[in-house]
file target_21.txt (compact mmCIF, C-alpha atoms)
# COMPACT_ATOMS: atom_id res chain seq x y z
CA MET A 1 22.80 -44.17 -3.83
CA LYS A 2 19.31 -42.83 -3.16
CA LYS A 3 20.70 -40.33 -0.68
CA ILE A 4 23.25 -39.09 -3.20
CA LEU A 5 20.54 -38.64 -5.84
CA LEU A 6 18.38 -36.79 -3.32
CA LEU A 7 21.31 -34.54 -2.39
CA ILE A 8 22.05 -33.82 -6.06
CA GLY A 9 18.38 -33.01 -6.61
CA ILE A 10 18.30 -30.58 -3.67
CA LEU A 11 21.56 -28.94 -4.79
CA ALA A 12 20.19 -28.57 -8.33
CA MET A 13 17.04 -26.91 -6.99
CA VAL A 14 19.06 -24.51 -4.81
CA ALA A 15 21.33 -23.71 -7.78
CA PHE A 16 18.29 -23.09 -10.00
CA PHE A 17 16.74 -20.82 -7.34
CA LEU A 18 19.97 -18.80 -6.94
CA LEU A 19 20.48 -18.57 -10.68
CA ARG A 20 16.89 -17.58 -11.32
CA ASN A 21 16.69 -14.92 -8.59
CA PHE A 22 20.16 -13.49 -8.29
CA PHE A 23 22.04 -14.12 -11.50
CA ILE A 24 19.31 -14.16 -14.15
CA PRO A 25 16.41 -12.22 -12.64
CA SER A 26 13.25 -11.79 -14.68
CA ASP A 27 12.24 -8.34 -15.95
CA GLN A 28 9.60 -8.17 -13.22
CA ASP A 29 12.24 -8.91 -10.56
CA ARG A 30 14.54 -6.26 -12.03
CA ILE A 31 11.78 -3.66 -11.93
CA LYS A 32 10.85 -4.61 -8.35
CA ARG A 33 14.51 -4.28 -7.42
CA LYS A 34 14.44 -0.73 -8.85
CA PHE A 35 11.71 0.17 -6.38
CA ASN A 36 13.80 -1.20 -3.50
CA GLN A 37 16.78 0.87 -4.63
CA ILE A 38 14.62 4.00 -4.98
CA SER A 39 13.20 3.38 -1.52
CA GLN A 40 16.69 3.16 -0.01
CA LEU A 41 17.94 6.24 -1.85
CA ALA A 42 14.87 8.31 -1.03
CA THR A 43 15.13 7.63 2.70
CA VAL A 44 16.28 10.57 4.80
CA ASP A 45 17.20 9.61 8.37
CA LYS A 46 18.87 12.86 9.39
CA VAL A 47 19.42 16.34 8.02
CA GLU A 48 21.94 15.86 5.19
CA VAL A 49 24.95 17.92 4.20
CA PRO A 50 24.39 19.65 0.81
CA LEU A 51 26.97 17.54 -1.04
CA LYS A 52 25.35 14.27 0.00
CA ARG A 53 21.94 15.71 -0.86
CA VAL A 54 23.09 16.56 -4.40
CA ALA A 55 24.69 13.14 -4.90
CA LYS A 56 21.53 11.32 -3.79
CA ALA A 57 19.29 13.52 -5.98
CA LYS A 58 21.54 12.76 -8.99
CA LYS A 59 21.48 9.03 -8.22
CA LEU A 60 17.71 9.10 -7.97
CA GLY A 61 17.55 10.93 -11.29
CA LYS A 62 19.33 8.02 -12.97
CA PHE A 63 16.27 5.82 -12.46
CA PHE A 64 14.37 8.01 -14.93
CA THR A 65 14.59 8.64 -18.68
CA LYS A 66 15.78 12.08 -19.84
CA GLU A 67 12.25 12.90 -20.97
CA VAL A 68 9.95 11.90 -18.16
CA THR A 69 6.39 12.81 -17.32
CA ILE A 70 5.51 12.92 -13.65
CA HIS A 71 2.02 13.89 -12.67
CA ILE A 72 1.31 13.69 -8.96
CA VAL A 73 -1.60 15.51 -7.36
CA THR A 74 -2.19 15.17 -3.64
CA ASP A 75 -3.66 17.39 -1.00
CA ASN A 76 -0.71 17.05 1.35
CA PHE A 77 1.85 18.18 -1.18
CA ASP A 78 1.94 20.65 -4.02
CA LYS A 79 0.78 19.44 -7.38
CA VAL A 80 3.85 18.05 -9.14
CA VAL A 81 3.95 18.07 -12.93
CA LEU A 82 7.40 17.56 -14.42
CA LYS A 83 8.66 16.74 -17.90
CA LYS A 84 12.47 16.59 -17.74
CA ARG A 85 14.90 14.54 -15.68
CA ASN A 86 16.90 17.58 -14.58
CA GLU A 87 13.68 19.23 -13.35
CA LEU A 88 13.04 16.10 -11.33
CA GLU A 89 16.53 16.13 -9.82
CA SER A 90 16.03 19.79 -8.80
CA LYS A 91 12.71 18.87 -7.21
CA PHE A 92 14.33 16.00 -5.29
CA LEU A 93 17.01 18.40 -4.09
CA ILE A 94 14.50 21.00 -2.90
CA LEU A 95 12.38 18.35 -1.19
CA ARG A 96 15.33 16.75 0.58
CA SER A 97 16.55 20.12 1.84
CA LYS A 98 13.17 20.63 3.57
CA LEU A 99 13.02 17.22 5.21
CA ALA A 100 14.18 16.20 8.66
CA LYS A 101 13.32 12.59 7.91
CA LEU A 102 11.59 10.53 5.26
CA MET A 103 10.84 6.89 4.71
CA VAL A 104 9.42 5.73 1.40
CA THR A 105 8.04 2.22 0.92
CA PHE A 106 6.49 0.53 -2.09
CA SER A 107 4.07 -2.35 -1.78
CA ASP A 108 1.55 -4.45 -3.72
CA ILE A 109 3.60 -4.06 -6.90
CA SER A 110 2.08 -5.71 -9.96
CA ILE A 111 3.90 -5.44 -13.29
CA THR A 112 2.60 -5.85 -16.82
CA LEU A 113 5.20 -6.27 -19.56
CA GLN A 114 4.60 -5.13 -23.13
CA GLY A 115 7.77 -5.75 -25.13
CA GLN A 116 10.24 -2.97 -24.31
CA ASN A 117 7.72 -1.26 -22.05
CA ALA A 118 6.28 -2.13 -18.68
CA GLN A 119 3.58 -0.76 -16.47
CA ALA A 120 3.71 -1.07 -12.68
CA HIS A 121 0.72 -0.59 -10.41
CA LEU A 122 1.61 -0.13 -6.76
CA THR A 123 1.10 1.66 -3.47
CA MET A 124 3.68 4.14 -2.23
CA VAL A 125 3.76 5.30 1.37
CA ALA A 126 5.80 8.30 2.40
CA GLU A 127 6.24 8.97 6.11
CA GLY A 128 8.34 11.81 7.32
CA GLN A 129 8.83 15.11 9.02
CA LEU A 130 9.66 18.55 7.72
CA GLN A 131 12.52 20.47 9.28
CA GLY A 132 11.36 22.70 12.14
CA ARG A 133 7.98 20.96 12.42
CA SER A 134 6.91 18.74 15.28
CA GLU A 135 4.10 16.86 13.48
CA GLU A 136 4.81 14.08 11.04
CA PHE A 137 3.19 13.60 7.65
CA LEU A 138 1.89 10.38 6.19
CA GLU A 139 0.88 10.01 2.57
CA GLY A 140 -0.33 6.86 0.86
CA LEU A 141 -0.58 6.97 -2.92
CA GLU A 142 -1.78 4.52 -5.52
CA LEU A 143 0.59 4.92 -8.46
CA LYS A 144 0.93 3.86 -12.06
CA VAL A 145 4.53 3.86 -13.18
CA GLY A 146 5.60 3.41 -16.79
CA PHE A 147 8.97 1.83 -17.59
CA VAL A 148 10.95 1.60 -20.82
CA LYS A 149 13.94 -0.64 -21.52
CA VAL A 150 16.98 1.45 -22.50
CA ASN A 151 20.31 -0.32 -23.08
CA ASP A 152 19.04 -3.38 -21.18
CA ASP A 153 18.10 -1.24 -18.20
CA TRP A 154 14.56 -0.46 -17.07
CA LEU A 155 14.01 3.30 -16.64
CA ILE A 156 10.95 5.19 -15.48
CA GLU A 157 9.41 7.25 -18.26
CA GLY A 158 6.18 8.25 -16.57
CA MET A 159 4.43 8.28 -13.22
CA GLU A 160 0.98 9.32 -12.11
CA ASN A 161 -1.15 8.85 -9.05
CA ILE A 162 -4.66 7.44 -9.05
CA ALA A 163 -7.25 8.97 -6.76
CA THR A 164 -8.42 6.01 -4.67
CA ILE A 165 -11.40 7.90 -3.26
CA LYS A 166 -12.91 10.06 -5.99
CA MET B 1 12.94 -57.21 24.49
CA LYS B 2 14.02 -56.05 21.04
CA LEU B 3 10.39 -55.92 19.93
CA LEU B 4 9.44 -53.78 22.93
CA SER B 5 12.27 -51.37 22.17
CA LYS B 6 11.17 -51.18 18.54
CA ILE B 7 7.55 -50.46 19.54
CA LYS B 8 8.73 -47.72 21.91
CA THR B 9 10.85 -46.11 19.18
CA THR B 10 7.99 -46.29 16.67
CA TYR B 11 5.60 -44.79 19.24
CA LYS B 12 8.05 -41.95 19.98
CA GLN B 13 8.47 -41.27 16.27
CA SER B 14 4.71 -41.22 15.64
CA SER B 15 4.24 -38.92 18.64
CA VAL B 16 6.85 -36.49 17.28
CA LEU B 17 5.27 -36.73 13.82
CA LYS B 18 1.84 -35.97 15.29
CA LYS B 19 3.24 -32.89 17.03
CA VAL B 20 4.90 -31.69 13.82
CA ILE B 21 1.68 -32.21 11.84
CA ARG B 22 -0.34 -30.44 14.55
CA ILE B 23 2.02 -27.45 14.53
CA ALA B 24 2.00 -27.35 10.73
CA VAL B 25 -1.81 -27.43 10.62
CA ILE B 26 -2.05 -24.65 13.24
CA ALA B 27 0.50 -22.56 11.31
CA VAL B 28 -1.32 -23.01 7.97
CA VAL B 29 -4.76 -22.31 9.48
CA SER B 30 -3.47 -19.23 11.37
CA TYR B 31 -1.75 -17.93 8.24
CA GLY B 32 -4.90 -18.40 6.17
CA LEU B 33 -7.17 -16.96 8.86
CA PHE B 34 -5.10 -13.84 9.56
CA SER B 35 -4.11 -13.24 5.93
CA TYR B 36 -7.43 -13.70 4.18
CA VAL B 37 -10.29 -13.69 6.70
CA LEU B 38 -9.54 -11.68 9.83
CA ILE B 39 -6.82 -9.30 8.76
CA PRO B 40 -5.08 -7.32 11.54
CA LEU B 41 -4.54 -3.64 10.94
CA ARG B 42 -2.75 -0.82 12.74
CA LEU B 43 -4.19 2.65 12.19
CA LYS B 44 -1.70 5.45 11.62
CA THR B 45 -4.02 8.47 11.76
CA ASP B 46 -6.79 9.83 13.98
CA THR B 47 -9.31 10.14 11.17
CA MET B 48 -11.57 7.49 12.72
CA ALA B 49 -11.09 8.52 16.36
CA PRO B 50 -12.58 7.93 18.88
CA ALA B 51 -14.10 4.71 17.48
CA PHE B 52 -10.76 3.54 16.09
CA ASN B 53 -7.72 5.23 17.57
CA ARG B 54 -4.30 5.87 16.08
CA ASN B 55 -1.82 3.04 16.68
CA GLY B 56 -4.63 0.75 17.81
CA ILE B 57 -4.73 -2.79 16.44
CA HIS B 58 -8.03 -3.59 14.75
CA ILE B 59 -9.34 -6.46 12.66
CA ILE B 60 -10.83 -6.38 9.16
CA ASN B 61 -13.46 -8.99 8.43
CA ALA B 62 -12.59 -9.66 4.80
CA LEU B 63 -15.58 -11.97 4.29
CA ALA B 64 -18.19 -9.54 5.66
CA TYR B 65 -19.42 -8.47 2.24
CA TYR B 66 -19.59 -11.95 0.76
CA PHE B 67 -22.75 -12.54 2.76
CA GLN B 68 -24.32 -9.08 2.98
CA THR B 69 -24.13 -5.75 1.19
CA PRO B 70 -22.38 -2.79 2.86
CA GLN B 71 -24.74 -0.81 5.09
CA ILE B 72 -24.89 2.84 6.10
CA GLY B 73 -22.59 3.40 9.09
CA ASP B 74 -20.29 0.45 8.38
CA PRO B 75 -16.62 1.21 9.07
CA VAL B 76 -14.81 -0.10 6.02
CA ALA B 77 -11.30 -0.81 4.79
CA ILE B 78 -10.54 0.52 1.31
CA LYS B 79 -7.80 -1.00 -0.83
CA LEU B 80 -5.21 0.99 -2.73
CA ALA B 81 -3.10 -1.02 -5.23
CA GLY B 82 -3.49 -4.04 -2.93
CA SER B 83 -4.31 -4.81 0.67
CA SER B 84 -0.96 -3.99 2.29
CA VAL B 85 -1.89 -0.34 2.74
CA ILE B 86 -5.51 0.67 3.13
CA TYR B 87 -7.70 3.65 3.98
CA VAL B 88 -10.30 3.36 6.70
CA SER B 89 -13.57 5.23 6.44
CA ARG B 90 -17.33 4.93 7.07
CA ILE B 91 -20.13 4.39 4.58
CA ILE B 92 -22.63 7.25 4.49
CA GLY B 93 -24.09 6.64 1.05
CA VAL B 94 -25.12 3.43 -0.71
CA PRO B 95 -25.94 2.79 -4.40
CA ASN B 96 -28.58 5.11 -5.91
CA ASP B 97 -28.35 7.61 -3.00
CA THR B 98 -27.87 11.30 -3.66
CA ILE B 99 -25.09 12.96 -1.66
CA LYS B 100 -24.28 16.62 -1.16
CA ILE B 101 -21.92 18.43 1.22
CA GLU B 102 -22.56 22.11 1.77
CA LYS B 103 -21.86 24.66 4.52
CA GLY B 104 -20.64 21.99 6.93
CA MET B 105 -23.70 19.80 6.47
CA ILE B 106 -24.02 16.44 4.77
CA PHE B 107 -27.18 15.68 2.83
CA ARG B 108 -28.19 12.13 1.96
CA ASN B 109 -31.24 11.94 -0.30
CA GLY B 110 -32.08 15.50 0.77
CA GLN B 111 -31.99 14.69 4.51
CA VAL B 112 -29.36 16.31 6.73
CA LEU B 113 -27.17 13.79 8.54
CA GLU B 114 -26.24 14.26 12.20
CA GLN B 115 -22.57 14.12 11.39
CA LYS B 116 -21.08 17.55 10.73
CA ILE B 117 -18.10 18.36 8.57
CA ASP B 118 -15.86 21.38 8.29
CA VAL B 119 -17.29 24.12 6.10
CA LYS B 120 -14.21 23.93 3.89
CA PHE B 121 -15.38 20.57 2.52
CA MET B 122 -17.72 20.91 -0.46
CA TYR B 123 -19.31 18.25 -2.63
CA SER B 124 -21.87 19.10 -5.27
CA GLU B 125 -25.03 16.99 -5.44
CA THR B 126 -24.14 13.60 -6.93
CA LYS B 127 -26.25 10.50 -7.51
CA LEU B 128 -24.40 7.27 -6.82
CA SER B 129 -24.60 4.55 -9.43
CA ASN B 130 -25.47 0.89 -8.79
CA ASP B 131 -21.92 0.05 -7.73
CA GLN B 132 -20.88 3.24 -5.93
CA TYR B 133 -20.65 4.00 -2.22
CA PHE B 134 -19.89 7.31 -0.52
CA VAL B 135 -17.47 7.21 2.40
CA LEU B 136 -16.51 9.78 5.01
CA CYS B 137 -14.05 9.62 7.90
CA ASP B 138 -15.48 10.12 11.39
CA ASN B 139 -12.97 12.82 12.09
CA PRO B 140 -11.46 14.30 8.93
CA ALA B 141 -9.75 16.96 11.04
CA GLY B 142 -7.89 14.15 12.81
CA ASP B 143 -5.61 13.90 9.83
CA VAL B 144 -2.35 15.79 10.10
CA HIS B 145 -3.37 17.66 6.98
CA PHE B 146 -6.79 19.03 7.52
CA GLN B 147 -8.12 19.52 4.01
CA ASN B 148 -7.40 16.04 2.85
CA ARG B 149 -9.68 15.20 -0.05
CA LYS B 150 -9.29 11.45 0.39
CA ASN B 151 -11.19 11.67 3.69
CA PHE B 152 -14.43 11.62 1.78
CA GLY B 153 -15.74 10.65 -1.63
CA MET B 154 -16.84 7.90 -3.90
CA ILE B 155 -15.59 4.35 -4.10
CA VAL B 156 -16.80 1.26 -5.90
CA PHE B 157 -17.60 -2.09 -4.29
CA SER B 158 -14.47 -3.82 -5.63
CA GLN B 159 -12.30 -1.37 -3.65
CA LEU B 160 -13.63 -2.66 -0.33
CA ALA B 161 -11.22 -4.91 1.54
CA GLY B 162 -13.78 -5.65 4.25
CA LYS B 163 -15.53 -4.35 7.32
CA LEU B 164 -13.69 -3.18 10.42
CA LEU B 165 -14.43 -5.01 13.65
CA LEU B 166 -13.97 -3.17 16.95

call {"tool": "encode", "arguments": {"input": "target_21.txt", "output": "structure tokens"}}
result
Amino acid sequence: MKKILLLIGILAMVAFFLLRNFFIPSDQDRIKRKFNQISQLATVDKVEVPLKRVAKAKKLGKFFTKEVTIHIVTDNFDKVVLKKRNELESKFLILRSKLAKLMVTFSDISITLQGQNAQAHLTMVAEGQLQGRSEEFLEGLELKVGFVKVNDDWLIEGMENIATIK
Amino acid sequence: MKLLSKIKTTYKQSSVLKKVIRIAVIAVVSYGLFSYVLIPLRLKTDTMAPAFNRNGIHIINALAYYFQTPQIGDPVAIKLAGSSVIYVSRIIGVPNDTIKIEKGMIFRNGQVLEQKIDVKFMYSETKLSNDQYFVLCDNPAGDVHFQNRKNFGMIVFSQLAGKLLL
């Protein structure tokens, strides 16, 4: 009898874990999942055909609101200041066409929820290589990313980098 | 005979249990030690060469600054959003120092330091506050992108993840 109760207890805990993480994820989990999806979509492992490039840029664009403010200033890349989703998609397209390879990872993600808005603080690392260049680039950025809930989906409405060393 | 067999079984069980406990203790201590005290790190740039080379495995002493304040010349690990990705640099200015970079020379409290820097780097005379430190990479040109601003500048104490050990 004890064994049966123990087994039921374990099964209930497993069911709760699965339900909590896979079927009813928290808003924080959903936002973290967005970063994983962006990371996968942003990855370039070989020079892409134009059609695939366009499709991936469009898919990436869907993670953002139509009106989005992106403000990224680094020394390795041009200053990026964008205000519309379609501008962003064009930028993705141009960037992808220049890349031989790219790997984007997000880490140390902390999320603060404020009703229908959320703010994520994280580190993004981009490692890659431009077409026709032998050296690789490596860029680590501390980012603040603003999210807004639209039709039960979390979309990025703003992004800016923080200068770690001022 | 039965008693002897029972003692043997109990002894075997306690021996196995001891081994399991020993392994668990080693695992927990190792995890704690290498996650929070002596944190391993792999460098991905040559900005601290030759003291710390690219792809070399080094250790951060995360407790170093619990017992002493950062000193001039200390190689330090600087956090971004968390400790997963860090910058590595060297302290050349401590609180209340005055720092200036001009014509390839670094001035600390009006004295020229031995370390030289490319003439492209400029930093107007700045007095550090009670909590600020000035850091500079040993070899800023070792970065793939030469004029990288994050190779030098101001940080605050809370950004330090620890001191690098050789």

call {"tool": "residues_around", "arguments": {"input": "target_21.txt", "residues": "Arg96 of chain A", "least_positions_apart": "4", "cutoff": "10 Å", "atoms": "all atoms listed in the file", "output": "short mmCIF file (atom, residue, chain, number, x, y, z; two decimals) with C-alpha atoms, in the coordinates of the input"}}
result
data_model
loop_
_atom_site.label_atom_id
_atom_site.label_comp_id
_atom_site.auth_asym_id
_atom_site.auth_seq_id
_atom_site.Cartn_x
_atom_site.Cartn_y
_atom_site.Cartn_z
CA ALA A 42 14.87 8.31 -1.03
CA THR A 43 15.13 7.63 2.70
CA VAL A 44 16.28 10.57 4.80
CA VAL A 47 19.42 16.34 8.02
CA GLU A 48 21.94 15.86 5.19
CA PRO A 50 24.39 19.65 0.81
CA ARG A 53 21.94 15.71 -0.86
CA VAL A 54 23.09 16.56 -4.40
CA LYS A 56 21.53 11.32 -3.79
CA ALA A 57 19.29 13.52 -5.98
CA SER A 90 16.03 19.79 -8.80
CA LYS A 91 12.71 18.87 -7.21
CA PHE A 92 14.33 16.00 -5.29
CA ALA A 100 14.18 16.20 8.66
CA LYS A 101 13.32 12.59 7.91
CA LEU A 102 11.59 10.53 5.26
CA LEU A 130 9.66 18.55 7.72
CA GLN A 131 12.52 20.47 9.28
#

call {"tool": "interface_residues", "arguments": {"input": "target_21.txt", "of": "chain A", "to": "chain B", "cutoff": "12 Å", "atoms": "only C-alpha atoms", "output": "ChimeraX atom specification"}}
result
/A:73-77,105-111,120-129,133-144,161-166

call {"tool": "atom_distance", "arguments": {"input": "target_21.txt", "atom1": "atom CA of Met105 of chain B", "atom2": "atom CA of Ile91 of chain B"}}
result
15.9 Å

call {"tool": "atom_distance", "arguments": {"input": "target_21.txt", "atom1": "atom CA of Ser39 of chain A", "atom2": "atom CA of Val104 of chain A"}}
result
5.3 Å

call {"tool": "closest_residue", "arguments": {"input": "target_21.txt", "among": "A:His71, A:Lys98, A:Lys66, A:Lys58", "to": "Ile156 of chain A", "atoms": "only C-alpha atoms"}}
result
A:Lys66

call {"tool": "closest_residue", "arguments": {"input": "target_21.txt", "among": "A:Leu155, A:Ser97, A:Gly132, A:Ala12", "to": "Asn117 of chain A", "atoms": "all atoms listed in the file"}}
result
A:Leu155
